[in-house]
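Source file: target-v6.cif; contents: mmCIF, C-alpha atoms and all ligand atoms.
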```
data_query
#
loop_
_atom_site.label_atom_id
_atom_site.label_comp_id
_atom_site.auth_asym_id
_atom_site.auth_seq_id
_atom_site.Cartn_x
_atom_site.Cartn_y
_atom_site.Cartn_z
CA MET A 45 15.96 2.76 -115.93
CA ASN A 46 15.70 3.00 -119.68
CA ILE A 47 18.21 0.67 -121.28
CA LEU A 48 19.57 0.30 -124.81
CA ILE A 49 21.39 -2.84 -125.94
CA LEU A 50 23.36 -2.66 -129.19
CA GLY A 51 23.40 -5.84 -131.29
CA GLY A 52 21.01 -8.37 -132.73
CA GLY A 53 22.29 -11.91 -132.19
CA GLY A 54 21.74 -14.70 -129.71
CA ARG A 55 24.13 -12.96 -127.33
CA GLU A 56 21.97 -9.84 -127.29
CA HIS A 57 18.75 -11.87 -126.93
CA ALA A 58 20.27 -13.51 -123.83
CA LEU A 59 21.38 -10.13 -122.45
CA ALA A 60 17.93 -8.67 -123.13
CA TRP A 61 16.26 -11.66 -121.46
CA ALA A 62 18.35 -11.21 -118.31
CA VAL A 63 17.91 -7.41 -118.22
CA MET A 64 14.12 -7.65 -118.69
CA GLN A 65 13.80 -9.83 -115.60
CA ASN A 66 15.39 -7.20 -113.40
CA PRO A 67 12.86 -4.86 -111.75
CA LYS A 68 15.24 -1.92 -112.30
CA CYS A 69 14.52 -2.11 -116.02
CA ASP A 70 11.62 0.17 -116.97
CA LYS A 71 12.10 0.16 -120.72
CA LEU A 72 14.40 -1.85 -122.98
CA ILE A 73 15.26 -1.10 -126.60
CA VAL A 74 17.56 -3.33 -128.64
CA ALA A 75 19.11 -2.12 -131.90
CA PRO A 76 18.78 -3.79 -134.32
CA GLY A 77 17.43 -6.82 -132.38
CA ASN A 78 15.81 -9.82 -134.06
CA ALA A 79 12.47 -11.66 -134.06
CA GLY A 80 13.08 -13.29 -130.67
CA ILE A 81 14.13 -10.04 -129.04
CA ALA A 82 11.07 -8.30 -130.52
CA ALA A 83 8.89 -10.59 -128.40
CA ILE A 84 10.34 -9.18 -125.15
CA ALA A 85 11.62 -5.67 -125.97
CA ASP A 86 11.33 -2.85 -128.50
CA CYS A 87 13.63 -3.14 -131.51
CA ALA A 88 14.98 -0.14 -133.39
CA SER A 89 17.01 0.22 -136.53
CA LEU A 90 20.16 2.21 -135.95
CA ASN A 91 23.69 2.31 -137.33
CA THR A 92 25.30 0.84 -134.22
CA GLU A 93 28.83 1.64 -135.35
CA ASP A 94 28.14 5.36 -135.71
CA GLY A 95 28.74 6.98 -132.32
CA SER A 96 26.89 10.20 -133.05
CA ALA A 97 23.86 8.32 -134.43
CA VAL A 98 23.80 6.20 -131.26
CA LEU A 99 24.14 9.31 -129.07
CA ASP A 100 21.25 11.03 -130.88
CA PHE A 101 19.09 7.96 -130.38
CA VAL A 102 20.02 7.76 -126.69
CA GLN A 103 19.07 11.40 -126.14
CA GLU A 104 15.81 11.15 -128.10
CA ASN A 105 14.74 8.07 -126.16
CA ALA A 106 15.89 9.19 -122.70
CA ILE A 107 18.18 6.16 -122.36
CA ASP A 108 20.02 5.92 -119.02
CA PHE A 109 22.34 3.00 -119.72
CA VAL A 110 23.78 1.49 -122.91
CA ILE A 111 25.08 -2.09 -123.09
CA ILE A 112 27.24 -2.77 -126.15
CA GLY A 113 27.09 -6.40 -127.34
CA PRO A 114 29.44 -6.88 -130.33
CA GLU A 115 33.04 -5.81 -130.86
CA ALA A 116 32.53 -3.64 -133.95
CA PRO A 117 30.88 -0.66 -132.18
CA LEU A 118 33.52 -0.91 -129.43
CA ALA A 119 36.39 -0.89 -131.93
CA ALA A 120 34.65 2.04 -133.66
CA GLY A 121 34.69 4.08 -130.43
CA VAL A 122 30.95 4.20 -129.74
CA ALA A 123 31.53 3.87 -125.97
CA ASP A 124 33.85 6.91 -126.06
CA VAL A 125 31.24 9.10 -127.75
CA LEU A 126 28.61 8.09 -125.19
CA ARG A 127 30.90 8.59 -122.17
CA ALA A 128 31.97 12.00 -123.44
CA ALA A 129 28.28 12.94 -123.25
CA ASN A 130 27.98 11.52 -119.71
CA ILE A 131 25.93 8.50 -120.76
CA LEU A 132 26.47 5.40 -118.65
CA VAL A 133 27.81 2.60 -120.84
CA PHE A 134 28.94 -0.99 -120.46
CA GLY A 135 31.87 -1.70 -122.77
CA PRO A 136 35.46 -0.57 -123.23
CA SER A 137 36.82 2.54 -124.92
CA GLN A 138 38.25 2.32 -128.43
CA ALA A 139 41.77 2.36 -126.97
CA ALA A 140 41.01 -0.48 -124.56
CA ALA A 141 39.16 -2.43 -127.29
CA GLN A 142 42.55 -2.93 -128.94
CA LEU A 143 42.79 -5.97 -126.68
CA GLU A 144 40.59 -7.61 -129.30
CA ALA A 145 41.17 -5.39 -132.32
CA SER A 146 44.96 -5.81 -132.41
CA LYS A 147 46.76 -9.10 -131.76
CA ARG A 148 50.06 -7.27 -131.54
CA PHE A 149 48.73 -4.85 -128.93
CA THR A 150 47.57 -7.77 -126.77
CA LYS A 151 50.96 -9.45 -127.05
CA GLU A 152 52.68 -6.24 -125.92
CA ILE A 153 50.31 -5.95 -122.95
CA CYS A 154 51.04 -9.59 -122.03
CA ASP A 155 54.77 -8.90 -122.19
CA ALA A 156 54.45 -5.82 -119.99
CA ALA A 157 52.13 -7.62 -117.57
CA GLY A 158 54.22 -10.81 -117.48
CA ALA A 159 51.13 -12.82 -118.47
CA PRO A 160 51.83 -16.35 -119.76
CA THR A 161 51.03 -16.65 -123.47
CA ALA A 162 52.56 -18.12 -126.64
CA GLY A 163 55.94 -16.79 -127.78
CA TYR A 164 55.59 -14.57 -130.87
CA ALA A 165 57.08 -12.20 -133.39
CA HIS A 166 55.33 -9.62 -135.55
CA PHE A 167 55.97 -8.61 -139.14
CA THR A 168 55.01 -6.01 -141.69
CA GLN A 169 57.14 -7.60 -144.45
CA ALA A 170 56.32 -10.94 -146.06
CA ASP A 171 59.96 -11.94 -146.62
CA ALA A 172 60.91 -11.55 -142.99
CA ALA A 173 57.76 -13.45 -141.94
CA ARG A 174 58.60 -16.34 -144.31
CA ALA A 175 62.18 -16.51 -143.01
CA TYR A 176 60.90 -16.64 -139.43
CA ILE A 177 58.50 -19.49 -140.25
CA ARG A 178 61.30 -21.49 -141.93
CA GLU A 179 63.52 -20.93 -138.92
CA GLN A 180 60.82 -21.89 -136.34
CA GLY A 181 59.24 -24.75 -138.30
CA ALA A 182 55.69 -26.14 -137.90
CA PRO A 183 53.31 -26.41 -136.16
CA ILE A 184 53.01 -22.64 -135.97
CA VAL A 185 50.18 -20.10 -135.86
CA VAL A 186 49.81 -17.17 -138.27
CA LYS A 187 47.46 -14.33 -137.31
CA ALA A 188 46.31 -11.21 -139.11
CA ASP A 189 46.79 -8.36 -136.62
CA GLY A 190 43.35 -6.76 -136.97
CA LEU A 191 39.70 -7.80 -136.72
CA ALA A 192 38.95 -10.43 -139.36
CA ALA A 193 35.57 -11.80 -138.21
CA GLY A 194 37.23 -14.81 -136.61
CA LYS A 195 38.88 -15.87 -139.87
CA GLY A 196 42.27 -14.23 -139.42
CA VAL A 197 43.96 -17.10 -137.57
CA ILE A 198 45.66 -19.98 -139.37
CA VAL A 199 46.83 -22.83 -137.14
CA ALA A 200 49.38 -24.38 -139.53
CA MET A 201 50.36 -27.97 -138.86
CA ASP A 202 52.94 -27.84 -141.68
CA GLU A 203 55.28 -25.16 -142.98
CA LYS A 204 53.61 -24.85 -146.40
CA THR A 205 50.24 -23.93 -144.85
CA ALA A 206 51.97 -21.23 -142.80
CA LEU A 207 53.82 -19.84 -145.82
CA ASP A 208 50.58 -19.84 -147.86
CA ALA A 209 48.90 -17.91 -145.04
CA ILE A 210 51.62 -15.27 -145.29
CA ASP A 211 50.99 -14.97 -149.05
CA ASP A 212 47.23 -14.61 -148.42
CA MET A 213 47.57 -12.04 -145.63
CA PHE A 214 50.12 -9.83 -147.33
CA GLY A 215 48.23 -10.38 -150.59
CA GLY A 216 45.26 -8.58 -149.02
CA ALA A 217 42.94 -11.54 -148.33
CA PHE A 218 42.05 -9.93 -144.97
CA GLY A 219 42.16 -6.33 -146.13
CA GLY A 220 43.75 -3.89 -143.68
CA ALA A 221 43.59 -6.53 -140.91
CA GLY A 222 46.41 -8.45 -142.61
CA ALA A 223 48.81 -5.56 -143.21
CA GLU A 224 50.57 -6.66 -140.03
CA VAL A 225 50.97 -10.28 -139.03
CA VAL A 226 51.69 -11.95 -135.69
CA ILE A 227 53.35 -15.37 -135.80
CA GLU A 228 52.96 -17.44 -132.67
CA GLU A 229 54.24 -20.57 -131.08
CA PHE A 230 51.66 -23.37 -131.37
CA MET A 231 50.12 -24.19 -127.99
CA ASP A 232 48.80 -27.67 -127.37
CA GLY A 233 46.10 -28.36 -124.78
CA GLU A 234 42.38 -27.91 -124.07
CA GLU A 235 40.74 -24.55 -124.71
CA ALA A 236 38.28 -22.84 -122.42
CA SER A 237 36.92 -19.35 -121.87
CA PHE A 238 36.83 -17.27 -118.71
CA PHE A 239 34.60 -14.20 -118.40
CA ILE A 240 35.55 -11.40 -116.05
CA LEU A 241 33.78 -8.10 -115.45
CA VAL A 242 36.16 -5.17 -115.06
CA ASP A 243 35.33 -1.63 -113.91
CA GLY A 244 38.67 -0.03 -114.74
CA GLU A 245 40.28 -1.20 -111.53
CA ASP A 246 38.39 -4.03 -109.83
CA ILE A 247 37.38 -7.34 -111.32
CA LEU A 248 34.60 -9.87 -110.83
CA PRO A 249 34.78 -13.28 -112.50
CA ILE A 250 31.35 -14.29 -113.79
CA GLY A 251 31.86 -17.75 -115.17
CA THR A 252 33.64 -20.17 -117.43
CA ALA A 253 32.50 -21.83 -120.64
CA GLN A 254 33.64 -23.99 -123.50
CA ASP A 255 32.35 -23.79 -127.02
CA HIS A 256 32.47 -25.98 -130.10
CA LYS A 257 33.91 -24.06 -133.03
CA ARG A 258 33.82 -26.76 -135.71
CA VAL A 259 30.68 -27.42 -137.71
CA GLY A 260 30.88 -31.22 -137.53
CA GLU A 261 30.38 -33.75 -134.77
CA GLY A 262 33.54 -34.80 -132.93
CA ASP A 263 34.84 -31.26 -133.56
CA THR A 264 35.54 -31.86 -137.25
CA GLY A 265 34.97 -29.80 -140.39
CA LEU A 266 35.06 -26.07 -141.00
CA ASN A 267 35.35 -23.40 -138.32
CA THR A 268 32.19 -21.51 -137.38
CA GLY A 269 31.21 -18.75 -134.99
CA GLY A 270 30.36 -21.52 -132.50
CA MET A 271 27.94 -24.48 -132.69
CA GLY A 272 27.21 -24.79 -128.99
CA ALA A 273 28.57 -24.05 -125.54
CA TYR A 274 28.29 -25.07 -121.94
CA SER A 275 29.09 -23.56 -118.57
CA PRO A 276 30.92 -24.20 -116.32
CA ALA A 277 34.01 -25.54 -118.11
CA PRO A 278 35.29 -28.42 -115.96
CA VAL A 279 38.86 -27.98 -117.24
CA LEU A 280 39.02 -24.55 -115.57
CA THR A 281 39.26 -25.78 -111.99
CA ALA A 282 39.01 -23.33 -109.08
CA GLU A 283 42.77 -23.53 -108.72
CA ILE A 284 43.45 -22.69 -112.37
CA GLN A 285 40.89 -19.87 -112.27
CA SER A 286 42.62 -18.32 -109.31
CA ALA A 287 46.02 -18.58 -111.01
CA VAL A 288 44.57 -16.99 -114.18
CA LEU A 289 43.16 -14.08 -112.17
CA ASP A 290 46.50 -13.51 -110.42
CA ASP A 291 48.89 -14.11 -113.33
CA ILE A 292 46.90 -12.89 -116.35
CA ILE A 293 43.78 -10.85 -115.57
CA ARG A 294 44.83 -8.57 -112.70
CA PRO A 295 48.20 -7.72 -114.30
CA THR A 296 46.43 -6.96 -117.61
CA VAL A 297 43.89 -4.69 -115.93
CA ALA A 298 46.68 -2.90 -114.03
CA GLU A 299 48.77 -2.47 -117.18
CA MET A 300 45.80 -1.01 -119.08
CA ALA A 301 45.18 1.47 -116.27
CA ARG A 302 48.88 2.36 -116.15
CA ARG A 303 48.72 3.19 -119.88
CA GLY A 304 45.84 5.56 -119.31
CA MET A 305 43.33 3.26 -121.03
CA PRO A 306 41.51 1.62 -118.11
CA TYR A 307 39.45 -1.38 -119.17
CA GLN A 308 35.73 -1.34 -118.43
CA GLY A 309 33.37 -4.04 -119.62
CA VAL A 310 33.67 -7.79 -119.89
CA LEU A 311 37.05 -9.33 -120.55
CA TYR A 312 36.70 -12.65 -122.31
CA ALA A 313 39.94 -14.59 -121.90
CA GLY A 314 40.50 -17.49 -124.30
CA LEU A 315 42.83 -19.88 -122.48
CA MET A 316 44.83 -22.96 -123.38
CA ILE A 317 45.18 -25.41 -120.51
CA LYS A 318 47.85 -28.04 -120.36
CA ASP A 319 49.18 -29.95 -117.34
CA GLY A 320 47.22 -27.74 -114.95
CA GLN A 321 48.69 -24.50 -116.36
CA ALA A 322 46.78 -21.91 -118.38
CA ARG A 323 48.18 -19.59 -121.02
CA LEU A 324 46.32 -16.79 -122.77
CA VAL A 325 45.32 -17.47 -126.39
CA GLU A 326 43.47 -14.20 -126.92
CA TYR A 327 41.28 -11.57 -125.35
CA ASN A 328 37.90 -10.50 -126.62
CA VAL A 329 36.34 -7.29 -125.34
CA ARG A 330 32.72 -8.54 -125.33
CA PHE A 331 30.78 -11.61 -124.35
CA GLY A 332 31.22 -14.72 -126.48
CA ASP A 333 28.36 -15.78 -128.71
CA PRO A 334 27.03 -18.42 -127.84
CA GLU A 335 28.91 -18.44 -124.50
CA CYS A 336 26.89 -15.44 -123.27
CA GLN A 337 23.70 -17.48 -123.61
CA VAL A 338 24.84 -20.08 -121.06
CA LEU A 339 26.24 -17.42 -118.70
CA MET A 340 22.99 -15.42 -118.76
CA MET A 341 20.95 -18.60 -118.26
CA ARG A 342 22.93 -19.27 -115.08
CA LEU A 343 23.06 -15.67 -113.80
CA GLY A 344 19.50 -14.58 -114.61
CA ALA A 345 18.31 -11.14 -113.49
CA GLN A 346 21.38 -10.40 -111.32
CA ALA A 347 23.41 -10.12 -114.55
CA PHE A 348 21.97 -6.65 -115.01
CA ASP A 349 23.10 -5.50 -111.54
CA LEU A 350 26.61 -6.79 -112.24
CA LEU A 351 26.91 -5.07 -115.63
CA HIS A 352 25.55 -1.89 -114.07
CA ALA A 353 28.08 -2.12 -111.20
CA ALA A 354 30.91 -2.56 -113.73
CA ALA A 355 29.75 0.51 -115.66
CA GLU A 356 29.53 2.60 -112.45
CA GLY A 357 32.88 1.45 -111.06
CA ARG A 358 31.32 -0.42 -108.13
CA LEU A 359 32.65 -3.94 -108.68
CA ALA A 360 34.62 -3.93 -105.42
CA GLU A 361 31.32 -4.29 -103.57
CA ALA A 362 29.55 -6.52 -106.14
CA GLN A 363 29.04 -10.24 -105.82
CA ALA A 364 27.77 -12.92 -108.18
CA ASN A 365 25.52 -15.54 -106.61
CA TRP A 366 25.93 -18.90 -108.22
CA ALA A 367 23.70 -21.90 -107.99
CA ASP A 368 25.61 -25.14 -108.33
CA ASP A 369 24.16 -25.60 -111.79
CA HIS A 370 25.08 -26.12 -115.44
CA ALA A 371 23.83 -24.69 -118.71
CA MET A 372 24.14 -25.74 -122.31
CA THR A 373 23.21 -24.11 -125.58
CA VAL A 374 22.83 -25.95 -128.88
CA VAL A 375 23.11 -23.81 -132.00
CA MET A 376 20.70 -24.54 -134.84
CA ALA A 377 22.08 -23.28 -138.14
CA ALA A 378 20.77 -23.12 -141.70
CA ASN A 379 21.74 -26.10 -143.89
CA GLY A 380 24.98 -25.20 -145.67
CA TYR A 381 26.39 -23.01 -142.88
CA PRO A 382 29.25 -21.97 -142.56
CA GLY A 383 29.24 -22.08 -146.38
CA SER A 384 26.37 -20.62 -148.40
CA TYR A 385 22.83 -21.12 -147.12
CA GLU A 386 19.29 -20.02 -147.93
CA LYS A 387 17.31 -17.49 -145.97
CA GLY A 388 13.56 -17.29 -145.47
CA SER A 389 12.60 -20.86 -144.45
CA ILE A 390 9.83 -21.05 -141.86
CA ILE A 391 10.65 -22.33 -138.35
CA GLY A 392 7.77 -24.13 -136.64
CA GLY A 393 7.16 -25.56 -133.18
CA LEU A 394 8.62 -22.66 -131.22
CA ASP A 395 5.32 -21.62 -129.63
CA ASP A 396 4.92 -25.00 -127.93
CA LEU A 397 8.30 -24.90 -126.20
CA PRO A 398 8.70 -23.86 -122.55
CA GLU A 399 10.16 -20.42 -121.86
CA ASP A 400 11.19 -20.08 -118.26
CA SER A 401 14.24 -19.82 -116.04
CA ILE A 402 15.53 -23.23 -117.16
CA ASN A 403 14.48 -23.45 -120.82
CA MET A 404 14.94 -20.70 -123.41
CA VAL A 405 15.32 -20.56 -127.14
CA PHE A 406 17.44 -17.49 -127.84
CA HIS A 407 17.18 -16.19 -131.39
CA ALA A 408 20.22 -15.31 -133.46
CA GLY A 409 19.49 -14.84 -137.20
CA THR A 410 15.70 -14.72 -137.30
CA SER A 411 13.09 -12.33 -138.60
CA GLN A 412 9.34 -12.23 -138.80
CA ALA A 413 7.32 -12.61 -141.98
CA ASP A 414 3.51 -12.86 -142.08
CA GLY A 415 3.41 -13.62 -138.38
CA LYS A 416 5.86 -16.50 -138.75
CA ILE A 417 9.45 -16.83 -137.57
CA VAL A 418 11.81 -17.28 -140.52
CA ALA A 419 15.55 -17.94 -140.79
CA ALA A 420 17.52 -14.82 -141.63
CA GLY A 421 21.14 -15.85 -141.06
CA GLY A 422 23.62 -18.73 -140.74
CA ARG A 423 23.36 -19.36 -137.02
CA VAL A 424 19.64 -19.05 -136.33
CA LEU A 425 18.59 -20.40 -132.90
CA ASN A 426 20.38 -21.05 -129.61
CA VAL A 427 18.44 -23.70 -127.76
CA THR A 428 19.47 -23.24 -124.14
CA ALA A 429 18.74 -25.06 -120.90
CA ARG A 430 19.91 -25.19 -117.31
CA GLY A 431 20.13 -28.25 -115.07
CA ALA A 432 21.55 -29.66 -111.87
CA SER A 433 24.09 -31.51 -114.03
CA LEU A 434 25.46 -30.94 -117.49
CA GLN A 435 23.68 -34.12 -118.60
CA GLN A 436 20.35 -32.75 -117.39
CA ALA A 437 20.94 -29.41 -119.12
CA ARG A 438 21.85 -31.29 -122.29
CA ASP A 439 18.78 -33.58 -122.15
CA ARG A 440 16.54 -30.54 -121.75
CA ALA A 441 18.20 -28.65 -124.59
CA TYR A 442 17.95 -31.55 -127.04
CA ALA A 443 14.33 -32.21 -125.99
CA MET A 444 13.58 -28.65 -127.14
CA VAL A 445 15.59 -29.15 -130.35
CA ASP A 446 13.41 -32.18 -131.08
CA GLY A 447 10.30 -30.03 -130.74
CA ILE A 448 11.46 -27.58 -133.41
CA ASP A 449 10.13 -28.15 -136.90
CA TRP A 450 12.75 -26.78 -139.27
CA PRO A 451 13.88 -29.17 -142.03
CA GLU A 452 16.11 -26.46 -143.53
CA GLY A 453 18.25 -26.32 -140.38
CA PHE A 454 20.65 -28.60 -138.50
CA CYS A 455 22.56 -28.84 -135.25
CA ARG A 456 25.36 -30.90 -133.78
CA ARG A 457 24.07 -33.71 -131.58
CA ASP A 458 27.24 -33.97 -129.49
CA ILE A 459 27.54 -30.61 -127.72
CA GLY A 460 29.34 -31.12 -124.41
CA TRP A 461 30.94 -34.44 -125.36
CA ARG A 462 34.30 -33.47 -123.97
CA ALA A 463 32.88 -32.67 -120.54
CA LEU A 464 30.48 -35.62 -120.38
P1 LIG B 501 42.01 -16.37 -131.88
O1 LIG B 501 41.19 -15.61 -132.87
O2 LIG B 501 43.30 -15.74 -131.51
O3 LIG B 501 41.20 -16.87 -130.71
O4 LIG B 501 42.36 -17.75 -132.58
C1 LIG B 501 41.32 -18.60 -133.01
C2 LIG B 501 41.62 -20.01 -132.59
O5 LIG B 501 42.88 -20.43 -133.09
C3 LIG B 501 41.74 -20.17 -131.09
O6 LIG B 501 40.49 -20.33 -130.47
C4 LIG B 501 42.58 -21.41 -131.00
O7 LIG B 501 41.81 -22.57 -131.21
C5 LIG B 501 43.52 -21.27 -132.17
N1 LIG B 501 44.78 -20.67 -131.75
C6 LIG B 501 45.09 -19.35 -131.70
N2 LIG B 501 46.35 -19.15 -131.28
C7 LIG B 501 46.86 -20.38 -131.04
C8 LIG B 501 48.14 -20.84 -130.59
N3 LIG B 501 49.14 -20.01 -130.31
N4 LIG B 501 48.30 -22.19 -130.46
C9 LIG B 501 47.30 -23.04 -130.76
N5 LIG B 501 46.10 -22.66 -131.21
C10 LIG B 501 45.86 -21.35 -131.33
N1 LIG B 502 32.10 -18.08 -129.67
C1 LIG B 502 33.32 -17.41 -129.92
C2 LIG B 502 33.24 -15.95 -129.91
O1 LIG B 502 32.25 -15.34 -129.58
O2 LIG B 502 34.25 -15.32 -130.25
#
```
Have the structure of the file written as structure tokens, please.
Ligand code: AMP
Ligand code: GLY
Amino acid sequence: MNILILGGGGREHALAWAVMQNPKCDKLIVAPGNAGIAAIADCASLNTEDGSAVLDFVQENAIDFVIIGPEAPLAAGVADVLRAANILVFGPSQAAAQLEASKRFTKEICDAAGAPTAGYAHFTQADAARAYIREQGAPIVVKADGLAAGKGVIVAMDEKTALDAIDDMFGGAFGGAGAEVVIEEFMDGEEASFFILVDGEDILPIGTAQDHKRVGEGDTGLNTGGMGAYSPAPVLTAEIQSAVLDDIIRPTVAEMARRGMPYQGVLYAGLMIKDGQARLVEYNVRFGDPECQVLMMRLGAQAFDLLHAAAEGRLAEAQANWADDHAMTVVMAANGYPGSYEKGSIIGGLDDLPEDSINMVFHAGTSQADGKIVAAGGRVLNVTARGASLQQARDRAYAMVDGIDWPEGFCRRDIGWRAL
């Protein structure tokens, strides 16, 4: 099969790595890709949010199957354009992608499905939103309705922070995403992520993970896209997973089908766990980044068969084979991230690191210059390892980190602390 993956981060490098190991893959192109992906697949430049440009590319390159990595092409309806032309694609329609693109939509689906989540109200007028916050009191959570690159959620521990967030959102700080605001009950507990493949009707859970969103050790400092992750997430016990599938995931999938917008792709459920009960924080309609890296490390080549089965509506007969193992990824970021940072510094030592089924450095923001790998983004490398225990996976990952010569970058040294 000829396969196209859309995206160019660590998530897509991990997907490409898994796909390439599967004998069913004859040719793999990744658009736009990055320097790490270029070492294992062809990279192409393409406007990945333009459905007709993607369709032209698919037809010119005789692509049989398209895997969409990030949310932006999904929210832009790229999967719809491809499906209308009978191209096999992994990823939800634009309508179904509202599960990530609209907080209000997700809340309505939860209501209809009876899925446990935080209580909420939604507003299009600042005055009414302020009155609601004063009535409810803090802590309280204020969310811009639309996609805001992970920055549209304010967890306000006091009323003033919540009221300021309302001023910012209705003042246009999040553009169109903030024209409508969802205000939610604050949920206390431990967060974890659950990844479930969905083919419109049937589901297949493919793993749990936890990430570290804050830039600083001990989970302090500014929020980031994620500084590291590990799988499995011990807080999501088998019992909780089964309750989440029954009470949240299956009813959501059924409600989406009932509305004529069946969900196909990966459903990434962000969950809050307290006293053995899970509630939904949010859905994403794609793999997490860097959570995908640890899932792919654990699944290996079979990941391709599972994604393919989801796209073809064959999940009822699919099965994921799990080793009793653990994986961890440590994100190396450019000094200054998530604030301003420099690009172009040279990263050394990568050639001497092992690259096999238990050790992989996935590239996020990298490019190649004069035959050298250089930093080209904020999050730059995802140093990933597998082990019989989380401790072993962690030791292997940090051993690789120590072999990387990049004074202009940093990482957290405490990834996995909560689980260890
Ligand atoms: P979201 O983009 O909805 O995932 O929100 C980003 C982060 O904000 C989540 O990962 C949680 O850490 C936090 N968060 C969102 N909603 C709530 C809530 N209702 N209660 C507590 N924390 C929340
Ligand atoms: N790592 C969080 C996310 O991908 O949304």
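For ligand LIG 502 (chain B), the protein and nucleic acid residues at most 8 Å away, judged by all atoms listed in the file, amount to Gly194, Asp255, His256, Lys257, Gly269, Gly270, Asn328, Phe331, Gly332, Asp333, Pro334 and Glu335 of chain A.
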Item checked: Residues near Met300 (chain A), cut-off 12 Å, all atoms listed in the file, skip fewer than 4 positions along chain, as an MDAnalysis selection string -> chainID A and resid 136:137 139:143 149:150 152:154 156:157 242:245 293:296 304:308
Next item on the list: Enumerate residues in contact with ligand LIG 501 (chain B): an atom-to-atom distance of at most 9 Å, counting all atoms listed in the file. Format the result as a PyMOL selection string.
Entry: chain A and resi 144+147+161-164+183-187+191-199+227-236+257+314-316+324-328
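With all atoms listed in the file as the basis for measurement, A:Asp458 is the residue among A:Asp369, A:Ile47, A:Gly220, A:Asp458 that approaches Gly260 (chain A) most closely.
Pairwise distance (CA of Glu115 (chain A), CA of Val329 (chain A)) equals 6.6 Å.
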Extending 4 Å beyond the listed atoms of region 96-112 of chain A on each side, what axis-aligned box results? I want centre and edge lengths in Å to one decimal, as AutoDock Vina command-line options.
```
--center_x 21.0 --center_y 4.3 --center_z -126.7 --size_x 20.5 --size_y 22.2 --size_z 23.4
```
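A straight line drawn from CA of Gly80 (chain A) to CA of Ala273 (chain A) is 19.5 Å long.
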Next item on the list: Could you please determine the separation between CA of Arg330 (chain A) and CA of Ile112 (chain A) in Å, to one decimal place?
Entry: 8.0 Å
Item checked: Distance query Leu351 (chain A) at most 9 Å, all atoms listed in the file, self and fewer than 3 positions along chain excluded, as a PyMOL selection string -> chain A and resi 111+134+241+309-310+346-348+354-356
Using the selection just defined, write its residues with C-alpha atoms as an mmCIF file, in the coordinates of the input.
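The resulting file, result37.cif, is shown below:
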```
data_model
loop_
_atom_site.group_PDB
_atom_site.id
_atom_site.type_symbol
_atom_site.label_atom_id
_atom_site.label_comp_id
_atom_site.auth_asym_id
_atom_site.auth_seq_id
_atom_site.Cartn_x
_atom_site.Cartn_y
_atom_site.Cartn_z
ATOM 1 C CA ILE A 111 25.080 -2.090 -123.090
ATOM 2 C CA PHE A 134 28.940 -0.990 -120.460
ATOM 3 C CA LEU A 241 33.780 -8.100 -115.450
ATOM 4 C CA GLY A 309 33.370 -4.040 -119.620
ATOM 5 C CA VAL A 310 33.670 -7.790 -119.890
ATOM 6 C CA GLN A 346 21.380 -10.400 -111.320
ATOM 7 C CA ALA A 347 23.410 -10.120 -114.550
ATOM 8 C CA PHE A 348 21.970 -6.650 -115.010
ATOM 9 C CA ALA A 354 30.910 -2.560 -113.730
ATOM 10 C CA ALA A 355 29.750 0.510 -115.660
ATOM 11 C CA GLU A 356 29.530 2.600 -112.450
#
```
Check: Looking at A:Glu399, A:Glu203, A:Asp368, A:Asp189, which one is nearest to Ala175 (chain A), with distances taken over only C-alpha atoms?
Finding: A:Glu203
Note to self: Give me the residues near region 48-61 of chain A as a ChimeraX atom specification, where near means some atom within 6 Å (using only C-alpha atoms) and where sequence neighbours in that chain fewer than 4 positions away do not count.
What the structure shows: /A:72-78,81,110-113,333,336-337,406-408
Notebook entry, point to check: Within 8 Å of Glu224 (chain A), counting all atoms listed in the file, which residues qualify if same-chain residues fewer than 3 places away don't, as a ChimeraX atom specification?
Noted result: /A:166-169,188-190,214,221
Notebook entry, point to check: Excluding same-chain residues fewer than 3 positions from Gly447 (chain A), what lies within 7 Å of it counting all atoms listed in the file, as a ChimeraX atom specification?
Noted result: /A:393,443-444
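Of the residues under consideration (A:Pro114, A:Gly409, A:Pro382, A:Gly431), A:Pro382 shows the shortest atom-to-atom contact distance to Asn267 (chain A) when counting all atoms listed in the file.
Here the question is which of A:Val225, A:Tyr312, A:Ala463, A:Leu359 gets nearest to Ala170 (chain A) using all atoms listed in the file, and that residue is A:Val225.
Of the listed residues (A:Asn130, A:Ser237, A:Gln65, A:Gln321), A:Gln321 comes nearest to Pro160 (chain A); the distances count only C-alpha atoms.
Taking only C-alpha atoms into account, Lys71 (chain A) lies nearest to A:Asn105 out of the set A:Ser146, A:Asn91, A:Gln412, A:Asn105.
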